[in-house]
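Structure data (compact mmCIF, C-alpha atoms and all ligand atoms) from structure.txt:
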# COMPACT_ATOMS: atom_id res chain seq x y z
CA MET D 1 65.82 98.77 129.89
CA PRO D 2 67.55 96.25 127.64
CA THR D 3 65.74 92.96 127.10
CA VAL D 4 68.88 90.86 127.03
CA ARG D 5 72.32 91.29 128.62
CA VAL D 6 75.34 89.42 127.30
CA CYS D 7 78.91 89.16 128.60
CA PHE D 8 81.83 87.83 126.55
CA VAL D 9 84.57 86.19 128.64
CA CYS D 10 88.18 85.25 127.82
CA LEU D 11 91.29 84.94 130.01
CA GLY D 12 92.76 88.45 130.15
CA ASN D 13 89.89 90.62 128.79
CA ILE D 14 92.36 92.46 126.57
CA CYS D 15 92.22 90.50 123.27
CA ARG D 16 89.35 88.14 122.47
CA SER D 17 86.45 89.21 124.67
CA PRO D 18 86.76 92.98 124.02
CA THR D 19 86.97 92.10 120.32
CA ALA D 20 83.82 89.97 120.56
CA GLU D 21 82.08 92.77 122.44
CA GLY D 22 83.09 95.33 119.78
CA VAL D 23 82.00 93.08 116.91
CA PHE D 24 78.70 92.32 118.66
CA ARG D 25 77.97 96.01 119.35
CA HIS D 26 78.79 96.86 115.73
CA LEU D 27 76.36 94.23 114.41
CA ILE D 28 73.68 95.11 116.98
CA GLU D 29 73.79 98.78 116.07
CA HIS D 30 73.54 98.01 112.36
CA ALA D 31 70.52 95.83 113.14
CA SER D 32 68.96 98.73 115.14
CA LEU D 33 68.83 96.53 118.24
CA GLY D 34 70.99 98.83 120.37
CA ASP D 35 68.20 99.55 122.88
CA ALA D 36 67.24 95.92 123.33
CA VAL D 37 70.63 94.43 124.06
CA GLU D 38 73.40 95.32 126.49
CA ALA D 39 76.94 93.95 126.01
CA ASP D 40 80.01 93.77 128.22
CA SER D 41 83.16 91.66 128.53
CA ALA D 42 85.38 90.31 131.29
CA GLY D 43 88.30 87.96 131.95
CA THR D 44 88.52 84.90 134.15
CA ALA D 45 91.94 86.24 135.30
CA ALA D 46 92.74 89.61 136.82
CA TYR D 47 96.29 90.03 135.40
CA HIS D 48 95.33 92.93 133.17
CA SER D 49 92.57 94.58 135.23
CA GLY D 50 92.18 98.26 134.39
CA GLU D 51 94.20 98.03 131.18
CA PRO D 52 92.84 99.04 127.77
CA PRO D 53 92.51 96.33 125.08
CA ASP D 54 95.68 95.09 123.35
CA ARG D 55 96.76 97.51 120.59
CA ARG D 56 96.90 94.69 118.06
CA ALA D 57 93.23 93.92 118.74
CA THR D 58 92.13 97.55 118.49
CA ALA D 59 94.15 98.12 115.29
CA ALA D 60 92.82 95.01 113.53
CA ALA D 61 89.25 95.92 114.47
CA ARG D 62 89.65 99.58 113.49
CA ALA D 63 90.73 98.50 110.00
CA ARG D 64 87.29 96.87 109.69
CA GLY D 65 85.46 99.92 111.05
CA ILE D 66 84.87 98.27 114.44
CA THR D 67 85.59 100.03 117.74
CA VAL D 68 87.14 97.94 120.51
CA GLY D 69 87.45 99.73 123.84
CA GLY D 70 86.82 99.57 127.56
CA ALA D 71 89.05 98.61 130.47
CA ALA D 72 89.84 95.03 131.47
CA ARG D 73 88.06 93.57 134.48
CA GLN D 74 87.69 90.17 136.06
CA PHE D 75 84.39 88.29 135.86
CA LYS D 76 82.89 88.31 139.37
CA PRO D 77 80.08 86.33 141.06
CA PRO D 78 77.48 89.19 140.79
CA ASP D 79 77.90 89.00 137.01
CA TRP D 80 75.91 85.75 137.11
CA GLU D 81 72.90 87.77 138.29
CA ARG D 82 73.43 90.64 135.89
CA PHE D 83 73.77 88.78 132.59
CA ASP D 84 71.46 86.47 130.65
CA TYR D 85 74.23 85.02 128.46
CA VAL D 86 77.82 84.39 129.54
CA LEU D 87 79.81 83.56 126.42
CA ALA D 88 83.16 81.85 126.94
CA MET D 89 85.76 82.19 124.22
CA ASP D 90 87.49 78.84 124.83
CA ARG D 91 87.15 75.56 126.70
CA ASP D 92 89.43 76.67 129.55
CA ASN D 93 87.39 79.81 130.14
CA PHE D 94 84.21 77.74 129.92
CA GLU D 95 85.42 75.24 132.52
CA GLU D 96 86.68 77.97 134.83
CA LEU D 97 83.34 79.76 134.63
CA GLN D 98 81.43 76.51 135.07
CA ARG D 99 83.29 75.78 138.32
CA GLY D 100 82.25 79.17 139.73
CA ALA D 101 78.69 79.29 138.41
CA PRO D 102 75.84 79.05 140.91
CA ALA D 103 73.67 76.06 139.91
CA ARG D 104 70.68 78.28 139.11
CA HIS D 105 72.71 80.31 136.60
CA ARG D 106 74.60 77.49 134.91
CA ASP D 107 72.26 77.49 131.92
CA LYS D 108 73.47 81.01 131.04
CA LEU D 109 76.92 79.69 130.14
CA PHE D 110 77.82 78.93 126.51
CA LEU D 111 80.86 78.60 124.32
CA LEU D 112 80.60 81.59 121.95
CA ARG D 113 81.25 79.51 118.84
CA GLN D 114 78.29 77.23 119.49
CA PHE D 115 76.18 80.03 117.98
CA ASP D 116 78.09 79.76 114.68
CA PRO D 117 76.19 77.16 112.66
CA ARG D 118 79.34 76.39 110.64
CA SER D 119 81.58 75.87 113.68
CA PRO D 120 82.64 72.38 114.77
CA LYS D 121 81.25 71.25 118.12
CA HIS D 122 83.05 72.61 121.21
CA ALA D 123 85.23 74.92 119.09
CA SER D 124 87.19 77.76 120.71
CA VAL D 125 88.34 81.22 119.65
CA PRO D 126 92.13 80.65 119.83
CA ASP D 127 94.20 82.88 122.09
CA PRO D 128 96.11 85.35 119.83
CA TYR D 129 98.22 86.91 122.60
CA TYR D 130 101.55 85.20 121.91
CA GLY D 131 101.16 85.02 118.12
CA GLY D 132 101.27 87.35 115.13
CA ALA D 133 98.82 89.76 113.54
CA GLU D 134 97.04 86.96 111.62
CA GLY D 135 95.75 85.59 114.95
CA PHE D 136 93.87 88.83 115.54
CA GLU D 137 92.31 88.64 112.06
CA GLU D 138 91.18 85.10 112.83
CA VAL D 139 89.66 86.24 116.14
CA LEU D 140 87.69 88.92 114.26
CA ASP D 141 86.46 86.41 111.66
CA LEU D 142 85.40 83.85 114.27
CA CYS D 143 83.74 86.48 116.46
CA GLU D 144 81.82 87.90 113.54
CA ALA D 145 80.46 84.51 112.46
CA ALA D 146 79.51 83.58 116.03
CA CYS D 147 77.97 86.97 116.82
CA ARG D 148 75.82 86.82 113.69
CA GLY D 149 74.52 83.46 114.89
CA LEU D 150 74.06 84.76 118.42
CA ILE D 151 71.99 87.69 117.14
CA ALA D 152 69.82 85.31 115.08
CA HIS D 153 69.30 83.26 118.26
CA LEU D 154 68.41 86.34 120.31
CA ARG D 155 65.94 87.51 117.67
CA GLU D 156 64.19 84.17 117.70
CA ARG D 157 64.37 83.38 121.42
CA HIS D 158 63.56 86.88 122.71
CA GLY D 159 61.46 88.22 119.86
CA LEU D 160 63.82 91.12 119.11
P1 LIG S 201 92.73 87.25 126.00
O1 LIG S 201 94.28 87.09 125.67
O2 LIG S 201 92.38 86.18 127.02
O3 LIG S 201 92.09 87.02 124.69
O4 LIG S 201 92.55 88.65 126.54
C1 LIG S 201 95.28 86.99 126.65
C2 LIG S 201 95.71 88.12 127.29
C3 LIG S 201 96.74 88.03 128.19
C4 LIG S 201 97.30 86.81 128.50
C5 LIG S 201 96.85 85.67 127.88
C6 LIG S 201 95.84 85.77 126.94
N1 LIG S 201 98.37 86.72 129.44
O5 LIG S 201 98.88 85.63 129.64
O6 LIG S 201 98.74 87.74 130.02

Take the structure in the file and give it back as structure tokens.
Amino acid sequence: MPTVRVCFVCLGNICRSPTAEGVFRHLIEHASLGDAVEADSAGTAAYHSGEPPDRRATAAARARGITVGGAARQFKPPDWERFDYVLAMDRDNFEELQRGAPARHRDKLFLLRQFDPRSPKHASVPDPYYGGAEGFEEVLDLCEAACRGLIAHLRERHGL
């Protein structure tokens, strides 16, 4: 049984949140914490449900030795029970999740970048979908910095 369950959430669940999940898994495995932590991702929207991650996201990650996979799905109410941390990639996702969060689970919701000690307050992971390849590199950089901070937090808070 994992000690902690985390879910990364963006809009479509084909670019940013599967990338964050892949980066997180990569770091967790290197830290030998694979048994203690479970990771998943989802989108606030259902437009791309069932689709694999965007090829630009998988290619950029693969070049760094990181596997990004899975099939897109929408974040659903039971996910509030299942996860301990719900990590929104941007302010819009955060606000959308906040509107749907049962009061007793609202303290599980965070902006991913708040775990990056070098990030400005309330910073987002920008949506790379309509841009070029450099946007996907930036997503990887931002996810890596935030996931390192998240893992440090989990170690301290949950004694991992
Ligand atoms: P994501 O990127 O939220 O990082 O998965 C997007 C994917 C699809 C769309 C927008 C953003 N879309 O408009 O279809």

Problem - Exercise answer, 9 Å around ligand LIG 201 (chain S) with only C-alpha atoms and all ligand atoms, as a list in words - result: Val9, Cys10, Leu11, Gly12, Asn13, Ile14, Cys15, Arg16, Ser17, Pro18, Thr19, Ala42, Gly43, Thr44, Ala45, Tyr47, His48, Pro53, Asp54, Ala72, Met89, Asn93, Val125, Pro126, Asp127, Pro128, Tyr129, Tyr130 and Val139 of chain D

Handout entry: D:Ala71, D:Ala101, D:Leu142, D:Leu160 ranked by distance to Asp35 (chain D), top pick (using only C-alpha atoms)
Key = D:Leu160

Handout entry: Top pick for closest residue to Ala36 (chain D), considering D:Pro77, D:Pro120, D:Gly159, D:Gly70 and counting all atoms listed in the file
Key =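 Once distances to Ala36 (chain D) are computed over all atoms listed in the file, the minimum belongs to D:Gly159.
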
Handout entry: Protein, DNA and RNA residues within 6 Å of (78.7, 88.0, 127.8), only C-alpha atoms, as a PyMOL selection string
Key = chain D and resi 6-8+40-41+85-87

Handout entry: Two-atom distance - CA of Ala103 (chain D), CA of Arg5 (chain D) (Å)
Key =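 We find that CA of Ala103 (chain D) and CA of Arg5 (chain D) lie 19.0 Å from each other.
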
List the spatial neighbours of region 145-158 of chain D as a JSON list (two decimals) with C-alpha atoms, in the coordinates of the input - criterion: any atom at most 6 Å away, only C-alpha atoms, same-chain residues fewer than 4 positions off excluded.
[["chain", "number", "residue", "atom", "x", "y", "z"],
["D", 24, "PHE", "CA", 78.70, 92.32, 118.66],
["D", 113, "ARG", "CA", 81.25, 79.51, 118.84],
["D", 115, "PHE", "CA", 76.18, 80.03, 117.98],
["D", 116, "ASP", "CA", 78.09, 79.76, 114.68]]

Exercise for the section: Rank D:Asp84, D:Met1, D:Thr58, D:His30 by their smallest atom-to-atom distance to Glu137 (chain D), using all atoms listed in the file, and report the top residue only. Expected result: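 Nearest candidate to Glu137 (chain D) out of D:Asp84, D:Met1, D:Thr58, D:His30: D:Thr58.
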
Practice task
Could you check how far CA of Thr3 (chain D) sits from CA of Ala88 (chain D), in Å to one decimal?
Solution key: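 Between CA of Thr3 (chain D) and CA of Ala88 (chain D) the gap works out to 20.7 Å.
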
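As for CA of Phe94 (chain D) and CA of Glu138 (chain D), they are spaced 19.9 Å apart.
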
Problem - Residue among D:Ala20, D:Glu144, D:Arg99, D:Arg118 lying closest to Ala57 (chain D), counting only C-alpha atoms - result: D:Ala20

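The shortest atom-to-atom distance to Asp107 (chain D), with all atoms listed in the file taken into account, belongs to D:Trp80 out of D:Arg91, D:Trp80, D:Ser119, D:Gly50.
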